[in-house]
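Next comes my_file06.cif, with mmCIF, C-alpha atoms.
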data_start
#
loop_
_atom_site.label_atom_id
_atom_site.label_comp_id
_atom_site.auth_asym_id
_atom_site.auth_seq_id
_atom_site.Cartn_x
_atom_site.Cartn_y
_atom_site.Cartn_z
CA GLY A 1 128.10 120.45 98.72
CA ILE A 2 129.63 117.06 99.40
CA TYR A 3 127.16 114.36 100.21
CA MET A 4 127.34 110.64 100.83
CA LEU A 5 125.62 107.91 98.89
CA THR A 6 124.86 104.60 100.54
CA LEU A 7 123.21 101.52 99.11
CA GLY A 8 121.16 99.01 101.08
CA ILE A 9 120.33 95.65 99.57
CA ASP A 10 117.87 93.23 101.17
CA ILE A 11 118.10 89.76 99.65
CA GLY A 12 115.08 87.78 100.73
CA SER A 13 114.09 84.21 100.05
CA THR A 14 111.62 85.28 97.38
CA ALA A 15 112.53 88.85 96.36
CA SER A 16 115.55 91.15 96.23
CA LYS A 17 115.17 94.80 97.19
CA ALA A 18 117.65 97.67 96.97
CA VAL A 19 117.71 101.42 97.60
CA ILE A 20 120.24 104.22 97.28
CA MET A 21 120.08 107.06 99.81
CA ARG A 22 121.73 110.46 100.00
CA ASP A 23 123.10 111.30 103.46
CA GLY A 24 120.99 108.59 105.06
CA THR A 25 117.86 110.70 104.70
CA GLU A 26 116.83 111.04 101.08
CA LEU A 27 115.72 108.09 98.98
CA ILE A 28 117.06 108.56 95.44
CA ALA A 29 116.55 105.11 93.88
CA GLU A 30 114.63 101.95 94.70
CA SER A 31 113.99 98.60 93.06
CA ILE A 32 112.28 95.30 93.81
CA VAL A 33 112.99 92.16 91.77
CA PRO A 34 110.78 89.12 92.42
CA VAL A 35 113.79 86.77 92.55
CA GLY A 36 115.47 86.15 95.88
CA THR A 37 118.63 84.43 97.07
CA GLY A 38 121.03 83.37 94.33
CA THR A 39 122.87 85.42 91.73
CA ARG A 40 120.31 86.80 89.32
CA GLY A 41 117.92 88.67 91.66
CA PRO A 42 120.58 90.48 93.70
CA ARG A 43 122.63 91.35 90.60
CA GLU A 44 119.59 92.69 88.78
CA VAL A 45 118.24 94.78 91.67
CA PHE A 46 121.75 96.20 92.28
CA GLN A 47 122.12 97.23 88.63
CA ASN A 48 118.56 98.65 88.60
CA VAL A 49 119.18 101.14 91.41
CA LEU A 50 122.53 102.25 90.01
CA ASN A 51 120.93 102.87 86.60
CA GLN A 52 118.00 104.66 88.19
CA ALA A 53 120.30 106.96 90.17
CA GLY A 54 122.49 107.39 87.06
CA ILE A 55 125.69 106.50 88.89
CA TYR A 56 128.42 103.85 88.92
CA GLU A 57 129.16 101.40 91.71
CA ASN A 58 132.41 103.23 92.58
CA GLN A 59 130.42 106.39 93.36
CA ILE A 60 128.66 104.65 96.25
CA ASP A 61 130.37 105.38 99.57
CA ARG A 62 129.18 102.26 101.37
CA ILE A 63 127.07 99.18 100.62
CA LEU A 64 125.38 97.06 103.29
CA ALA A 65 123.52 93.79 102.73
CA THR A 66 120.73 92.30 104.81
CA GLY A 67 118.15 89.55 104.47
CA TYR A 68 118.15 85.81 104.09
CA GLY A 69 120.77 85.80 101.30
CA ARG A 70 122.98 88.60 102.66
CA MET A 71 126.10 86.42 103.07
CA GLY A 72 126.33 85.82 99.33
CA PHE A 73 126.57 89.48 98.30
CA LYS A 74 130.28 90.20 97.84
CA GLN A 75 130.07 93.95 97.10
CA ALA A 76 128.82 94.72 100.61
CA ALA A 77 131.17 96.22 103.19
CA ARG A 78 129.35 94.14 105.80
CA GLU A 79 126.18 92.16 106.42
CA ILE A 80 123.67 93.17 109.03
CA SER A 81 120.71 91.36 110.59
CA GLU A 82 117.35 92.10 109.03
CA ILE A 83 115.88 92.71 112.49
CA SER A 84 117.92 95.91 112.98
CA CYS A 85 117.38 96.93 109.36
CA HIS A 86 113.61 96.56 109.54
CA ALA A 87 113.56 98.49 112.81
CA ARG A 88 115.42 101.42 111.24
CA GLY A 89 113.67 101.23 107.87
CA VAL A 90 110.17 101.19 109.34
CA HIS A 91 111.08 104.04 111.70
CA TYR A 92 112.15 106.03 108.61
CA LEU A 93 108.84 105.30 106.85
CA VAL A 94 106.62 105.65 109.95
CA PRO A 95 108.38 107.57 112.76
CA THR A 96 105.59 106.75 115.24
CA ALA A 97 106.12 102.99 114.91
CA GLY A 98 106.32 101.10 118.22
CA THR A 99 105.69 97.56 117.02
CA ILE A 100 106.67 96.09 113.67
CA ILE A 101 105.18 92.95 112.20
CA ASP A 102 107.37 91.67 109.41
CA ILE A 103 106.20 88.67 107.42
CA GLY A 104 108.60 87.55 104.74
CA GLY A 105 108.87 84.54 102.48
CA GLN A 106 110.44 82.20 105.02
CA ASP A 107 109.81 83.72 108.43
CA ALA A 108 107.68 86.04 110.53
CA LYS A 109 108.95 88.50 113.13
CA ALA A 110 107.47 90.77 115.74
CA ILE A 111 109.82 93.64 116.55
CA ARG A 112 109.48 96.28 119.24
CA VAL A 113 111.28 99.58 118.79
CA ASP A 114 111.88 102.66 120.92
CA ALA A 115 111.10 106.23 119.88
CA ASP A 116 114.38 106.45 117.90
CA GLY A 117 113.66 103.31 115.92
CA ARG A 118 116.22 101.26 117.85
CA LEU A 119 115.56 97.66 118.62
CA ASP A 120 114.01 96.87 122.04
CA ASP A 121 112.88 93.30 121.62
CA PHE A 122 111.96 90.79 118.95
CA ILE A 123 110.46 87.33 118.58
CA MET A 124 110.65 85.33 115.40
CA ASN A 125 109.25 82.19 113.85
CA ASP A 126 111.69 80.72 111.35
CA LYS A 127 111.22 77.05 112.18
CA CYS A 128 107.92 76.57 110.47
CA ALA A 129 106.45 77.63 107.11
CA ALA A 130 102.96 78.25 108.55
CA GLY A 131 102.49 81.98 109.11
CA THR A 132 104.87 82.97 106.30
CA GLY A 133 104.71 84.06 102.66
CA ARG A 134 105.69 80.54 101.65
CA PHE A 135 102.56 79.17 103.31
CA LEU A 136 100.40 81.64 101.35
CA GLU A 137 102.13 80.67 98.10
CA VAL A 138 101.48 76.98 98.65
CA MET A 139 97.84 77.66 99.56
CA SER A 140 97.26 79.92 96.55
CA ARG A 141 98.40 77.06 94.32
CA VAL A 142 95.99 74.66 95.97
CA LEU A 143 93.17 77.20 95.48
CA ASP A 144 94.38 77.91 91.95
CA ILE A 145 94.46 81.69 92.36
CA ARG A 146 97.39 84.10 92.19
CA VAL A 147 98.93 84.81 95.58
CA GLU A 148 98.60 88.56 94.92
CA ASP A 149 94.84 88.15 94.40
CA MET A 150 94.20 86.31 97.66
CA GLY A 151 93.51 89.43 99.73
CA GLU A 152 90.90 90.68 97.29
CA VAL A 153 89.27 87.24 96.95
CA SER A 154 88.98 86.78 100.72
CA ARG A 155 87.07 90.07 101.06
CA HIS A 156 84.06 88.33 99.56
CA SER A 157 83.98 85.65 102.23
CA THR A 158 80.55 85.24 103.84
CA LYS A 159 81.25 82.67 106.53
CA GLU A 160 84.01 82.01 109.00
CA LEU A 161 85.91 78.82 108.26
CA SER A 162 88.84 77.90 110.38
CA ILE A 163 91.90 76.19 109.04
CA SER A 164 92.92 74.51 112.27
CA SER A 165 96.21 72.86 111.32
CA THR A 166 99.17 74.93 112.41
CA CYS A 167 101.41 72.95 110.08
CA ALA A 168 101.73 73.96 106.42
CA VAL A 169 101.73 70.37 105.20
CA PHE A 170 98.62 69.37 107.15
CA ALA A 171 96.89 72.67 106.37
CA GLU A 172 97.31 71.90 102.68
CA SER A 173 95.39 68.64 102.98
CA GLU A 174 92.83 70.40 105.18
CA VAL A 175 92.29 73.00 102.43
CA ILE A 176 91.92 70.26 99.81
CA SER A 177 89.27 68.50 101.90
CA ARG A 178 87.45 71.84 102.42
CA MET A 179 87.36 72.25 98.66
CA SER A 180 85.98 68.77 98.15
CA ASN A 181 83.22 69.67 100.65
CA ASN A 182 82.32 72.52 98.28
CA GLU A 183 83.40 75.33 100.57
CA THR A 184 84.01 78.51 98.54
CA VAL A 185 87.45 79.74 97.57
CA GLU A 186 86.55 83.08 99.22
CA ASP A 187 85.80 81.46 102.58
CA ILE A 188 88.85 79.20 102.44
CA ALA A 189 91.15 82.12 101.52
CA ALA A 190 89.80 84.10 104.49
CA GLY A 191 90.39 81.08 106.75
CA ILE A 192 93.99 80.82 105.50
CA HIS A 193 94.58 84.51 106.24
CA ARG A 194 93.18 84.09 109.75
CA SER A 195 95.44 81.14 110.35
CA VAL A 196 98.55 83.15 109.27
CA ALA A 197 97.36 86.09 111.39
CA LYS A 198 96.82 83.93 114.48
CA LYS A 199 100.32 82.54 114.27
CA THR A 200 101.81 86.02 113.82
CA ALA A 201 99.62 87.63 116.50
CA SER A 202 100.95 85.16 119.05
CA LEU A 203 104.49 86.45 118.37
CA VAL A 204 103.30 90.01 119.01
CA THR A 205 101.43 89.23 122.23
CA ARG A 206 104.38 87.26 123.62
CA MET A 207 106.30 90.55 123.76
CA GLY A 208 103.75 91.89 126.26
CA PRO A 209 101.33 94.84 125.91
CA ILE A 210 101.19 96.18 122.36
CA ARG A 211 103.18 99.36 121.80
CA LYS A 212 101.48 101.60 119.22
CA ASP A 213 101.73 102.37 116.35
CA VAL A 214 101.68 98.94 114.85
CA VAL A 215 103.29 98.88 111.41
CA MET A 216 103.58 96.00 108.98
CA SER A 217 106.55 95.45 106.68
CA GLY A 218 107.67 92.67 104.34
CA GLY A 219 106.01 91.33 101.20
CA VAL A 220 102.98 89.82 102.97
CA ALA A 221 101.96 93.32 104.11
CA HIS A 222 100.62 93.72 100.55
CA ASN A 223 97.99 91.08 101.35
CA SER A 224 94.99 93.03 102.67
CA GLY A 225 93.38 89.81 103.94
CA VAL A 226 96.23 89.05 106.34
CA VAL A 227 96.40 92.69 107.51
CA LYS A 228 92.67 92.78 108.23
CA ALA A 229 92.75 89.43 110.06
CA LEU A 230 95.65 90.70 112.18
CA GLU A 231 93.76 93.89 113.01
CA ASP A 232 90.77 91.81 114.14
CA ILE A 233 92.86 89.55 116.37
CA LEU A 234 95.11 92.26 117.86
CA LYS A 235 92.18 94.70 118.14
CA CYS A 236 94.15 97.64 116.79
CA SER A 237 94.71 99.29 113.45
CA ILE A 238 97.83 98.48 111.47
CA ILE A 239 99.70 100.93 109.28
CA VAL A 240 101.04 99.53 106.01
CA PRO A 241 103.44 102.03 104.41
CA ASP A 242 103.56 102.14 100.58
CA LYS A 243 107.18 101.08 100.65
CA CYS A 244 106.59 98.29 103.18
CA GLN A 245 108.66 95.84 101.15
CA LEU A 246 111.66 98.21 101.07
CA ALA A 247 111.96 98.63 104.84
CA GLY A 248 114.93 96.26 105.18
CA ALA A 249 116.89 97.85 102.32
CA ILE A 250 116.17 101.37 103.62
CA GLY A 251 117.37 100.38 107.09
CA ALA A 252 120.58 98.95 105.61
CA ALA A 253 121.26 102.18 103.69
CA ILE A 254 120.67 104.27 106.84
CA ILE A 255 122.97 102.08 108.95
CA ALA A 256 125.60 102.30 106.16
CA TYR A 257 125.47 106.10 106.47
CA GLU A 258 125.83 105.86 110.26
CA ASP A 259 128.87 103.61 109.78
CA LEU A 260 130.49 106.34 107.68
CA THR A 261 129.63 109.19 110.02
CA ASN A 262 130.00 107.24 113.29
CA LYS A 263 126.55 108.36 114.39
#

Give the structure from this file in C-alpha cells form.
Amino acid sequence: GIYMLTLGIDIGSTASKAVIMRDGTELIAESIVPVGTGTRGPREVFQNVLNQAGIYENQIDRILATGYGRMGFKQAAREISEISCHARGVHYLVPTAGTIIDIGGQDAKAIRVDADGRLDDFIMNDKCAAGTGRFLEVMSRVLDIRVEDMGEVSRHSTKELSISSTCAVFAESEVISRMSNNETVEDIAAGIHRSVAKKTASLVTRMGPIRKDVVMSGGVAHNSGVVKALEDILKCSIIVPDKCQLAGAIGAAIIAYEDLTNK
C-alpha cells in the first residue's frame, strides 16, 4: 500500500532532535544530537534519521521544523511553534495528558491540552534563565558535577537548603557562598532543583486548577531531581515518557502528515 513519510525536526538551543513517521502514526526513525541551533547539529540529526530509516531525503513527503532554531532549517516546508508541536507530540506519547510541563535549554513552558491533544492554553518563561536547562548547566559547573548526574546526586540530600535568588546570576553567587560555608553538594543540588521547580510550578498554577495527567517533556525531564521537586510542589505525580525529549519532533511529524491529508 501507499503510505506517507513525514519528518519532524526540533532544533533546540542545546540539542537537535528528529523523527521520521509513517502515516503520522508509526515512528520509524529517531535521533538526538547534543548540538543545537547552528548548522552541525541539525544537519547531523537530519542525516541520522534518514540513514536509520534507510531512505533518501526525496522520499520524504513533508518536512516540518520546530524549536528555537527552526527558522534556519531550509529543507522544511514550513516552521511551526514548539508549543503546538509539544502538545501533539506529548499527546501521541501519553494520550491521557492534560497538562504538559516542558523545560528546555532556554525556556520553560506550561501547556494545557484538550482530550485530542490540541492546545488550550499556555504560559511561558523565556525572559529569564532561572528555571531552565541553562540554569542547571551553569549550576552544575559551579558544583563541578556533570549536569546529567545532578538528579542522582540530589537524591542523597539530607537537609532542605533553599536557593532563594530567582535570578541565575545571583543564584550562582549564592551557590558559591553555600559551598564556602561547607554545605554539601547533595544538599545544594537539591536546593537548585527546588528553585527550578518553584519557578516552573508557578507557570502551571497560573493556568488555574491542574488538569491531569501531568506530563513532562524536554531535556530537563531527564533530571529526576527536578521532576521529584515538581511533584512535591504541585502535589501530584508526573509522567515522564521515555521519549520525552522527542515530543517536539514527533508533534512536527504528525502535523506534517495532517498538512498532507488536510486532517

* Asked: Skipping near chain neighbours, those fewer than 5 positions away, what residues fall within 8 Å of region 127-135 of chain A using all atoms listed in the file, listed as JSON, numbers by chain?
  -> {"A": [103, 104, 105, 106, 107, 108, 166, 167, 168, 195, 196, 197, 199, 200, 219, 220]}

For the residues in the current selection, export C-alpha atoms as an mmCIF file, in the frame of the given file.
data_model
loop_
_atom_site.group_PDB
_atom_site.id
_atom_site.type_symbol
_atom_site.label_atom_id
_atom_site.label_comp_id
_atom_site.auth_asym_id
_atom_site.auth_seq_id
_atom_site.Cartn_x
_atom_site.Cartn_y
_atom_site.Cartn_z
ATOM 1 C CA ILE A 103 106.200 88.670 107.420
ATOM 2 C CA GLY A 104 108.600 87.550 104.740
ATOM 3 C CA GLY A 105 108.870 84.540 102.480
ATOM 4 C CA GLN A 106 110.440 82.200 105.020
ATOM 5 C CA ASP A 107 109.810 83.720 108.430
ATOM 6 C CA ALA A 108 107.680 86.040 110.530
ATOM 7 C CA THR A 166 99.170 74.930 112.410
ATOM 8 C CA CYS A 167 101.410 72.950 110.080
ATOM 9 C CA ALA A 168 101.730 73.960 106.420
ATOM 10 C CA SER A 195 95.440 81.140 110.350
ATOM 11 C CA VAL A 196 98.550 83.150 109.270
ATOM 12 C CA ALA A 197 97.360 86.090 111.390
ATOM 13 C CA LYS A 199 100.320 82.540 114.270
ATOM 14 C CA THR A 200 101.810 86.020 113.820
ATOM 15 C CA GLY A 219 106.010 91.330 101.200
ATOM 16 C CA VAL A 220 102.980 89.820 102.970
#

* So what does the PyMOL selection byres ((chain A and resi 233-248) around 8) actually pick up in this one, as a ChimeraX atom specification? -> /A:8-10,17-19,30,32,66-67,82,85-86,88-90,93-94,197-198,201,213-219,221-222,227,229-232,249-252

* To do: Rounded to one decimal place, report the CA of Glu183 (chain A)-CA of Leu161 (chain A) distance in Å.
  =>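 Separating CA of Glu183 (chain A) from CA of Leu161 (chain A) is a distance of 8.8 Å.
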
* Asked: Any chance you could work out the residue set of the PyMOL selection byres ((chain A and resi 211) around 9) here, as a PyMOL selection string?
  -> chain A and resi 97-99+112-113+208-210+212-214

May I have the selected residues written with C-alpha atoms, as a short mmCIF file (atom, residue, chain, number, x, y, z; two decimals), in the frame of the given file?
data_model
loop_
_atom_site.label_atom_id
_atom_site.label_comp_id
_atom_site.auth_asym_id
_atom_site.auth_seq_id
_atom_site.Cartn_x
_atom_site.Cartn_y
_atom_site.Cartn_z
CA ALA A 97 106.12 102.99 114.91
CA GLY A 98 106.32 101.10 118.22
CA THR A 99 105.69 97.56 117.02
CA ARG A 112 109.48 96.28 119.24
CA VAL A 113 111.28 99.58 118.79
CA GLY A 208 103.75 91.89 126.26
CA PRO A 209 101.33 94.84 125.91
CA ILE A 210 101.19 96.18 122.36
CA LYS A 212 101.48 101.60 119.22
CA ASP A 213 101.73 102.37 116.35
CA VAL A 214 101.68 98.94 114.85
#

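The shortest atom-to-atom distance to Glu137 (chain A), with all atoms listed in the file taken into account, belongs to A:Ile192 out of A:Met71, A:Met207, A:Ile192, A:Ile80.
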
* **Distance of CA of Asp120 (chain A) from CA of Ser84 (chain A), expressed in Å to one decimal place** => 9.9 Å

* Using the chain letters and residue numbers of this document, give as a ChimeraX atom specification the residues selected by the PyMOL selection byres ((chain A and resi 6) around 8). => /A:4-5,7-8,20-24,60-63,253-254,256-257

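When only C-alpha atoms are used to compute distances to Val138 (chain A), the closest of the residues A:Arg155, A:Leu203, A:Ser164, A:Val169 turns out to be A:Val169.
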
Give me region 104-122 of chain A with N, CA, C and O atoms filled in, as a CSV table (one decimal), in the frame of the given file.
chain,number,residue,atom,x,y,z
A,104,GLY,N,107.9,87.7,106.0
A,104,GLY,CA,108.6,87.6,104.7
A,104,GLY,C,108.3,86.2,104.1
A,104,GLY,O,107.3,85.5,104.5
A,105,GLY,N,109.1,85.8,103.2
A,105,GLY,CA,108.9,84.5,102.5
A,105,GLY,C,109.1,83.3,103.4
A,105,GLY,O,108.3,82.4,103.3
A,106,GLN,N,110.1,83.4,104.2
A,106,GLN,CA,110.4,82.2,105.0
A,106,GLN,C,110.2,82.4,106.5
A,106,GLN,O,110.4,81.4,107.3
A,107,ASP,N,110.0,83.6,107.0
A,107,ASP,CA,109.8,83.7,108.4
A,107,ASP,C,108.9,84.9,108.8
A,107,ASP,O,108.5,85.6,107.9
A,108,ALA,N,108.5,84.9,110.0
A,108,ALA,CA,107.7,86.0,110.5
A,108,ALA,C,108.3,86.6,111.8
A,108,ALA,O,108.9,85.8,112.6
A,109,LYS,N,108.3,87.9,112.0
A,109,LYS,CA,109.0,88.5,113.1
A,109,LYS,C,108.1,89.6,113.7
A,109,LYS,O,107.4,90.3,113.0
A,110,ALA,N,108.1,89.6,115.0
A,110,ALA,CA,107.5,90.8,115.7
A,110,ALA,C,108.6,91.5,116.4
A,110,ALA,O,109.5,90.9,117.0
A,111,ILE,N,108.7,92.8,116.1
A,111,ILE,CA,109.8,93.6,116.6
A,111,ILE,C,109.3,94.8,117.3
A,111,ILE,O,108.3,95.5,116.9
A,112,ARG,N,109.9,95.1,118.5
A,112,ARG,CA,109.5,96.3,119.2
A,112,ARG,C,110.6,97.3,119.2
A,112,ARG,O,111.8,97.0,119.4
A,113,VAL,N,110.3,98.5,118.9
A,113,VAL,CA,111.3,99.6,118.8
A,113,VAL,C,111.0,100.7,119.7
A,113,VAL,O,109.8,101.0,120.1
A,114,ASP,N,112.1,101.5,120.1
A,114,ASP,CA,111.9,102.7,120.9
A,114,ASP,C,111.6,103.9,120.0
A,114,ASP,O,111.5,103.7,118.8
A,115,ALA,N,111.5,105.0,120.6
A,115,ALA,CA,111.1,106.2,119.9
A,115,ALA,C,112.1,106.6,118.8
A,115,ALA,O,111.8,107.3,117.9
A,116,ASP,N,113.4,106.1,118.9
A,116,ASP,CA,114.4,106.4,117.9
A,116,ASP,C,114.5,105.4,116.8
A,116,ASP,O,115.4,105.4,116.0
A,117,GLY,N,113.6,104.4,116.9
A,117,GLY,CA,113.7,103.3,115.9
A,117,GLY,C,114.8,102.3,116.2
A,117,GLY,O,115.2,101.6,115.3
A,118,ARG,N,115.2,102.3,117.5
A,118,ARG,CA,116.2,101.3,117.8
A,118,ARG,C,115.5,100.1,118.4
A,118,ARG,O,114.5,100.2,119.1
A,119,LEU,N,116.1,98.9,118.2
A,119,LEU,CA,115.6,97.7,118.6
A,119,LEU,C,115.4,97.5,120.1
A,119,LEU,O,116.4,97.7,120.9
A,120,ASP,N,114.2,97.1,120.6
A,120,ASP,CA,114.0,96.9,122.0
A,120,ASP,C,113.9,95.4,122.3
A,120,ASP,O,114.4,94.9,123.2
A,121,ASP,N,113.2,94.7,121.4
A,121,ASP,CA,112.9,93.3,121.6
A,121,ASP,C,112.4,92.7,120.3
A,121,ASP,O,111.8,93.4,119.5
A,122,PHE,N,112.6,91.4,120.1
A,122,PHE,CA,112.0,90.8,119.0
A,122,PHE,C,111.7,89.3,119.2
A,122,PHE,O,112.4,88.7,120.1
